[in-house]
Every structure is written in structure tokens, then in C-alpha cells.
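> So that you have it, the file is structure.pdb, and it contains PDB, C-alpha atoms:
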```pdb
ATOM      1  CA  ASP D1214     -83.736 -38.643  -9.386
ATOM      2  CA  MET D1215     -81.957 -37.747  -6.126
ATOM      3  CA  MET D1216     -81.101 -34.173  -5.162
ATOM      4  CA  MET D1217     -78.912 -33.007  -2.301
ATOM      5  CA  GLY D1218     -80.918 -30.722  -0.012
ATOM      6  CA  SER D1219     -78.331 -30.312   2.757
ATOM      7  CA  PRO D1220     -74.538 -30.757   3.037
ATOM      8  CA  PHE D1221     -73.346 -34.232   2.148
ATOM      9  CA  GLN D1222     -70.915 -34.274   5.081
ATOM     10  CA  SER D1223     -73.769 -34.246   7.613
ATOM     11  CA  LEU D1224     -75.343 -37.229   5.853
ATOM     12  CA  VAL D1225     -72.117 -39.252   5.941
ATOM     13  CA  LYS D1226     -71.446 -38.355   9.571
ATOM     14  CA  GLY D1227     -75.000 -39.116  10.700
ATOM     15  CA  LEU D1228     -75.191 -42.502   8.982
ATOM     16  CA  ASP D1229     -71.802 -43.571  10.320
ATOM     17  CA  GLU D1230     -72.727 -42.614  13.879
ATOM     18  CA  LYS D1231     -75.991 -44.568  13.744
ATOM     19  CA  TYR D1232     -75.192 -47.520  11.459
ATOM     20  CA  GLY D1233     -71.393 -47.756  11.410
ATOM     21  CA  THR D1234     -71.210 -47.308   7.652
ATOM     22  CA  GLU D1235     -67.493 -46.497   7.862
ATOM     23  CA  SER D1236     -66.494 -48.964  10.577
ATOM     24  CA  ILE D1237     -67.339 -52.397   9.192
ATOM     25  CA  PRO D1238     -65.409 -55.255  10.867
ATOM     26  CA  SER D1239     -62.898 -57.013   8.615
ATOM     27  CA  ASP D1240     -64.094 -60.442   9.729
ATOM     28  CA  GLY D1241     -67.660 -61.587   9.129
ATOM     29  CA  ASN D1242     -70.190 -60.590   6.476
ATOM     30  CA  ASP D1243     -69.716 -57.869   3.926
ATOM     31  CA  LYS D1244     -72.334 -55.105   4.195
ATOM     32  CA  ILE D1245     -74.204 -52.591   2.105
ATOM     33  CA  PHE D1246     -76.506 -49.960   3.597
ATOM     34  CA  MET D1247     -79.706 -48.765   1.924
ATOM     35  CA  PHE D1248     -82.726 -46.775   2.977
ATOM     36  CA  SER D1249     -85.883 -48.754   3.695
ATOM     37  CA  ASP D1250     -88.731 -48.335   1.212
ATOM     38  CA  PRO D1251     -91.919 -47.960   3.282
ATOM     39  CA  LEU D1252     -93.855 -46.593   0.300
ATOM     40  CA  SER D1253     -93.599 -49.894  -1.564
ATOM     41  CA  ALA D1254     -95.180 -53.192  -0.635
ATOM     42  CA  THR D1255     -92.737 -54.959  -2.962
ATOM     43  CA  TYR D1256     -89.274 -53.657  -2.112
ATOM     44  CA  VAL D1257     -87.576 -53.955   1.273
ATOM     45  CA  VAL D1258     -84.990 -51.282   0.490
ATOM     46  CA  ASN D1259     -84.565 -48.643  -2.190
ATOM     47  CA  SER D1260     -81.442 -48.983  -4.323
ATOM     48  CA  GLY D1261     -81.375 -45.298  -5.257
ATOM     49  CA  PHE D1262     -78.804 -44.596  -2.529
ATOM     50  CA  ILE D1263     -76.184 -47.069  -1.296
ATOM     51  CA  ALA D1264     -73.552 -46.577   1.391
ATOM     52  CA  LEU D1265     -70.710 -49.079   1.228
ATOM     53  CA  ASP D1266     -67.054 -49.761   1.765
ATOM     54  CA  ARG D1267     -65.564 -50.862  -1.546
ATOM     55  CA  GLU D1268     -63.477 -53.598   0.044
ATOM     56  CA  LYS D1269     -66.164 -54.838   2.456
ATOM     57  CA  SER D1270     -69.154 -54.972   0.133
ATOM     58  CA  ARG D1271     -67.912 -57.094  -2.755
ATOM     59  CA  ARG D1272     -69.734 -60.284  -1.773
ATOM     60  CA  CYS D1273     -72.996 -58.333  -1.556
ATOM     61  CA  LEU D1274     -72.524 -56.715  -4.942
ATOM     62  CA  GLU D1275     -71.468 -60.011  -6.502
ATOM     63  CA  SER D1276     -74.544 -61.757  -5.088
ATOM     64  CA  TRP D1277     -76.740 -58.982  -6.449
ATOM     65  CA  ARG D1278     -75.127 -59.296  -9.876
ATOM     66  CA  LYS D1279     -75.661 -63.081  -9.905
ATOM     67  CA  GLU D1280     -79.340 -62.655  -9.034
ATOM     68  CA  MET D1281     -79.786 -60.166 -11.885
ATOM     69  CA  ASP D1282     -78.074 -62.569 -14.293
ATOM     70  CA  ALA D1283     -80.260 -65.434 -13.071
ATOM     71  CA  ASN D1284     -83.496 -63.433 -13.425
ATOM     72  CA  PRO D1285     -83.356 -61.488 -16.711
ATOM     73  CA  GLY D1286     -87.145 -61.184 -16.707
ATOM     74  CA  PHE D1287     -87.196 -58.969 -13.624
ATOM     75  CA  PRO D1288     -88.142 -55.432 -14.740
ATOM     76  CA  LYS D1289     -86.182 -53.773 -11.924
ATOM     77  CA  ASP D1290     -82.888 -54.543 -10.196
ATOM     78  CA  GLN D1291     -84.582 -54.144  -6.809
ATOM     79  CA  LEU D1292     -86.345 -57.482  -7.269
ATOM     80  CA  SER D1293     -82.949 -59.165  -7.521
ATOM     81  CA  LEU D1294     -81.926 -57.196  -4.456
ATOM     82  CA  ASN D1295     -84.946 -58.615  -2.627
ATOM     83  CA  GLU D1296     -83.621 -62.092  -3.380
ATOM     84  CA  VAL D1297     -80.245 -61.235  -1.850
ATOM     85  CA  PHE D1298     -81.932 -59.719   1.192
ATOM     86  CA  GLU D1299     -84.044 -62.837   1.797
ATOM     87  CA  LYS D1300     -81.187 -65.310   1.272
ATOM     88  CA  SER D1301     -78.818 -63.366   3.496
ATOM     89  CA  GLY D1302     -81.422 -63.408   6.260
ATOM     90  CA  GLU D1303     -81.866 -67.170   5.978
ATOM     91  CA  ASP D1304     -78.170 -68.109   5.908
ATOM     92  CA  GLU D1305     -75.755 -66.573   8.412
ATOM     93  CA  ASN D1306     -72.862 -67.832   6.261
ATOM     94  CA  TYR D1307     -74.158 -66.152   3.098
ATOM     95  CA  GLY D1308     -71.357 -63.598   3.335
ATOM     96  CA  CYS D1309     -73.506 -60.511   2.913
ATOM     97  CA  GLU D1310     -75.772 -58.356   5.028
ATOM     98  CA  ILE D1311     -78.074 -55.663   3.632
ATOM     99  CA  VAL D1312     -78.732 -53.107   6.346
ATOM    100  CA  PRO D1313     -81.989 -51.109   5.977
ATOM    101  CA  MET D1314     -81.693 -47.526   7.229
ATOM    102  CA  GLU D1315     -84.535 -45.292   8.426
ATOM    103  CA  HIS D1316     -85.281 -42.116   6.485
ATOM    104  CA  GLU D1317     -85.406 -39.694   9.442
ATOM    105  CA  ASN D1318     -84.294 -36.370   7.966
ATOM    106  CA  TYR D1319     -81.773 -38.011   5.663
ATOM    107  CA  LEU D1320     -84.216 -38.793   2.844
ATOM    108  CA  ARG D1321     -87.598 -37.449   1.793
ATOM    109  CA  TYR D1322     -89.837 -38.442  -1.112
ATOM    110  CA  THR D1323     -91.813 -35.843  -3.055
ATOM    111  CA  VAL D1324     -94.923 -37.991  -2.656
ATOM    112  CA  ASN D1325     -97.239 -35.503  -4.359
ATOM    113  CA  GLU D1326     -97.157 -31.896  -5.527
ATOM    114  CA  SER D1327     -98.531 -30.299  -2.350
ATOM    115  CA  PHE D1328     -96.153 -32.335  -0.168
ATOM    116  CA  MET D1329     -93.265 -31.229  -2.362
ATOM    117  CA  LEU D1330     -94.168 -27.543  -2.111
ATOM    118  CA  ASN D1331     -94.735 -27.761   1.657
ATOM    119  CA  MET D1332     -91.109 -28.843   2.037
ATOM    120  CA  MET D1333     -90.132 -25.335   0.947
ATOM    121  CA  ASP D1334     -91.568 -23.978   4.205
ATOM    122  CA  GLU D1335     -89.215 -26.058   6.350
ATOM    123  CA  GLU D1336     -86.148 -24.421   7.834
ATOM    124  CA  VAL D1337     -83.721 -27.010   6.444
ATOM    125  CA  TYR D1338     -84.138 -29.433   3.552
ATOM    126  CA  PRO D1339     -83.408 -33.159   4.093
ATOM    127  CA  ASN D1340     -79.980 -34.370   2.961
ATOM    128  CA  LEU D1341     -81.514 -36.300   0.052
ATOM    129  CA  ILE D1342     -84.701 -35.482  -1.836
ATOM    130  CA  HIS D1343     -86.241 -38.023  -4.180
ATOM    131  CA  ILE D1344     -87.982 -36.445  -7.152
ATOM    132  CA  TYR D1345     -89.734 -38.011 -10.145
ATOM    133  CA  ASN D1346     -88.581 -37.851 -13.754
ATOM    134  CA  SER D1347     -90.793 -40.540 -15.308
ATOM    135  CA  CYS D1348     -94.535 -40.910 -15.843
ATOM    136  CA  LYS D1349     -95.476 -39.987 -12.258
ATOM    137  CA  ALA D1350     -93.841 -36.598 -12.814
ATOM    138  CA  GLU D1351     -96.578 -35.788 -15.319
ATOM    139  CA  LYS D1352     -98.913 -35.247 -12.356
ATOM    140  CA  PHE D1353     -96.698 -32.400 -11.123
ATOM    141  CA  SER D1354     -97.054 -29.027 -12.840
ATOM    142  CA  GLU D1355     -93.936 -27.721 -14.589
ATOM    143  CA  THR D1356     -94.202 -24.476 -12.640
ATOM    144  CA  SER D1357     -94.224 -26.212  -9.239
ATOM    145  CA  THR D1358     -91.427 -28.606 -10.164
ATOM    146  CA  GLU D1359     -89.205 -25.838 -11.523
ATOM    147  CA  LEU D1360     -89.893 -23.678  -8.459
ATOM    148  CA  PHE D1361     -89.004 -26.511  -6.088
ATOM    149  CA  VAL D1362     -85.892 -27.728  -7.922
ATOM    150  CA  SER D1363     -84.614 -24.182  -8.324
ATOM    151  CA  ASP D1364     -85.070 -23.481  -4.616
ATOM    152  CA  VAL D1365     -83.354 -26.689  -3.470
ATOM    153  CA  LEU D1366     -80.416 -26.201  -5.837
ATOM    154  CA  MET D1367     -80.323 -22.407  -5.276
ATOM    155  CA  LEU D1368     -80.246 -21.756  -9.009
ATOM    156  CA  SER D1369     -79.744 -18.303 -10.451
ATOM    157  CA  GLU D1370     -82.217 -16.807 -12.920
ATOM    158  CA  GLU D1371     -79.659 -17.402 -15.659
ATOM    159  CA  GLU D1372     -79.333 -21.091 -14.775
ATOM    160  CA  LYS D1373     -83.108 -21.523 -14.673
ATOM    161  CA  ALA D1374     -83.539 -19.882 -18.058
ATOM    162  CA  LYS D1375     -80.668 -21.776 -19.669
ATOM    163  CA  HIS D1376     -81.425 -25.311 -18.520
ATOM    164  CA  GLY D1377     -85.203 -25.384 -18.082
ATOM    165  CA  TYR D1378     -85.222 -27.436 -14.893
ATOM    166  CA  GLY D1379     -88.555 -29.096 -14.215
ATOM    167  CA  LYS D1380     -89.565 -29.292 -17.857
ATOM    168  CA  ALA D1381     -87.981 -32.622 -18.823
ATOM    169  CA  VAL D1382     -90.097 -35.694 -18.122
ATOM    170  CA  ILE D1383     -89.179 -39.197 -19.256
ATOM    171  CA  THR D1384     -92.299 -41.020 -20.437
ATOM    172  CA  PRO D1385     -92.096 -44.819 -20.799
ATOM    173  CA  SER D1386     -93.530 -46.122 -24.048
ATOM    174  CA  LYS D1387     -96.799 -48.022 -24.006
ATOM    175  CA  THR D1388     -94.905 -51.140 -25.068
ATOM    176  CA  ASP D1389     -92.530 -50.893 -22.084
ATOM    177  CA  TRP D1390     -95.426 -50.375 -19.690
ATOM    178  CA  GLU D1391     -97.473 -53.320 -21.009
ATOM    179  CA  SER D1392     -94.398 -55.562 -21.065
ATOM    180  CA  THR D1393     -93.645 -54.828 -17.422
ATOM    181  CA  GLN D1394     -97.226 -55.472 -16.342
ATOM    182  CA  ARG D1395     -97.340 -58.712 -18.329
ATOM    183  CA  ARG D1396     -94.142 -60.065 -16.771
ATOM    184  CA  LEU D1397     -94.927 -58.981 -13.237
ATOM    185  CA  PRO D1398     -98.642 -58.179 -12.863
ATOM    186  CA  GLU D1399     -98.477 -58.027  -9.057
ATOM    187  CA  LEU D1400     -96.458 -54.818  -9.384
ATOM    188  CA  ALA D1401     -99.169 -52.930 -11.256
ATOM    189  CA  VAL D1402     -99.652 -49.384  -9.972
ATOM    190  CA  GLU D1403    -102.762 -49.002  -7.860
ATOM    191  CA  GLU D1404    -104.540 -45.980  -6.448
ATOM    192  CA  GLU D1405    -104.333 -45.648  -2.672
ATOM    193  CA  ASP D1406    -106.767 -44.044  -0.257
ATOM    194  CA  ASP D1407    -104.619 -40.954   0.183
ATOM    195  CA  GLY D1408    -105.088 -39.959  -3.436
ATOM    196  CA  HIS D1409    -101.613 -40.667  -4.811
ATOM    197  CA  GLU D1410    -100.366 -43.708  -6.611
ATOM    198  CA  ASP D1411     -98.277 -46.391  -5.017
ATOM    199  CA  LEU D1412     -94.618 -45.833  -5.840
ATOM    200  CA  THR D1413     -93.863 -49.421  -6.807
ATOM    201  CA  TYR D1414     -92.589 -48.614 -10.316
ATOM    202  CA  PHE D1415     -91.170 -45.166 -10.023
ATOM    203  CA  GLY D1416     -89.907 -44.865  -6.454
ATOM    204  CA  ALA D1417     -86.350 -45.486  -7.465
TER     205      ALA D1417
END
```
Starting from the file, lay out its structure as C-alpha cells.


Amino acid sequence: DMMMGSPFQSLVKGLDEKYGTESIPSDGNDKIFMFSDPLSATYVVNSGFIALDREKSRRCLESWRKEMDANPGFPKDQLSLNEVFEKSGEDENYGCEIVPMEHENYLRYTVNESFMLNMMDEEVYPNLIHIYNSCKAEKFSETSTELFVSDVLMLSEEEKAKHGYGKAVITPSKTDWESTQRRLPELAVEEEDDGHEDLTYFGA
């Protein structure tokens, strides 16, 4: 559910200059870098995009895996990630640091249909664009979604006709939805004052 809107090289260069994603010290904690998730009251960071050094992130990834194994009832891996984030903040010898990154022009959410279409008027797209392919996508018209995706990806008429971008929506079954709400009722989707739903479930 992530699309590239601008060259990947500018994203890598920008994140390294601001957060040191490619210059992690050999001594000290391992690190993983993720964008903050201001649209969710539940998740500190969004696991849809991770910047890491394979050799200097292993303790973080191992801790995340252990939390997922220890909490099989969690409906999303980001809840296990929250546990790692909290424990790493409490113990300086934990061996891992999760670094939240600001969105700036690196990442943009298609919060609602009008917001998505307004992005087409901007001179340059963000590096990463988060779209929806589950039940929230049903609130976006197929025409608008196909128009937006085709513009971002610069698709030809042949590609649009062949693949039908914007027409595929993954709809969770009623059983899956009820099961998730039963196990973690505090994560139920609620309407907000601005007219769009909170992105707790489908922001990643």
C-alpha cells in the first residue's frame, strides 16, 4: 500500500542527512528508523516503511520477533512494535533504539478522496504515498483511485486498460472484523470530527 511518488534516491539521501540512517555507530544500540504515525492514537510509528542497516538492526528485529511470538493475540504487528519501543525507552541497555522520523515531504497519506485528488495539483509528489487497499478504500471511487494511481505511476493507456489499477479492493470478512474488535476493542474504528475515520486499523 505504498507507492513511490518521487525518486527513491532523494528519499535515501534526505533521511541519511537528517537521521543518520546510513551512519550508525558500531558500538551502542542497534537502530531501526520508521515514520511516526500521527494519525493513530495507538501506534507510535508505522511499520509500513523501515530504514535499517542489516548488521546494525538485528537486536531490534529479534526483539520485535520475540514480542510477536509472546503476544499471538495481537491483531497487528505494530502492537508488538509498541512493546519494543516502550521497553527500549525504559532500559538504555536494551540493545535497540526505534527512531521515529517526521513525514515532511517524504511520506503522505491519502486521508480521504478529496485530499488524494488535491495532491495531483502539487508540483512534485512526496517520495512515498500511502494508499488504501482494504475496507477504507471502499469509500474512494474507482474512477478517482485509478486516476490518481495512474498519474503517480505515469501509466500508459495500455497499462491502465490491461491491469485495471484502482479497481481491486481487499475486503476483510465479517468474521475477521468481529474477531479483531473482540480481542482488542480499544482499537475499534471511530468517526472523527473531520469526517474521515481514524486510521487505526488500515493505516499500515

> Could you write out as a ChimeraX atom specification the residues that the PyMOL selection byres ((chain D and resi 1288-1291) around 8) matches in the shown file?

/D:1256,1258-1260,1281,1285-1287,1292-1295,1393,1396-1397

> With a distance cut-off of 9 Å and all atoms listed in the file, select the neighbouring residues of Ala1264 in chain D, excluding the residue or stretch itself and same-chain residues fewer than 3 positions from it, and output the selection as a VMD selection string.

chain D and resid 1225 1228 1234 to 1235 1245 to 1247

> Which is closest to Lys1231 in chain D among D:Val1337, D:Val1312, D:Met1367, D:Met1215, if we use all atoms listed in the file?

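Nearest to Lys1231 in chain D: D:Val1312.
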
> How big is the axis-aligned box around the listed atoms of range 1292-1307 of chain D once 5 Å is added on each side, and where is its centre? Give both in Å to one decimal, as JSON.


```
{"center_x": -79.6, "center_y": -62.7, "center_z": 0.4, "size_x": 23.5, "size_y": 20.9, "size_z": 25.9}
```

> I would like the residues chosen by the PyMOL selection byres ((chain D and resi 1341) around 12) on the shown file; could you give them as an MDAnalysis selection string?

chainID D and resid 1214:1225 1248 1261:1262 1316:1323 1337:1340 1342:1344 1365:1366

> How would you write, as a ChimeraX atom specification, the residues chosen by the PyMOL selection byres ((chain D and resi 1277) around 12) on this structure?

/D:1245,1260,1270-1276,1278-1284,1290-1301,1309-1311

> Calculate how many Å separate CA of Leu1330 in chain D from CA of Glu1359 in chain D, rounding to one decimal.

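CA of Leu1330 in chain D sits 10.8 Å away from CA of Glu1359 in chain D.
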
> Counting only C-alpha atoms, which residue out of D:Ala1350, D:Leu1368, D:Met1314, D:Met1332 sits closest to Pro1251 in chain D?

D:Met1314
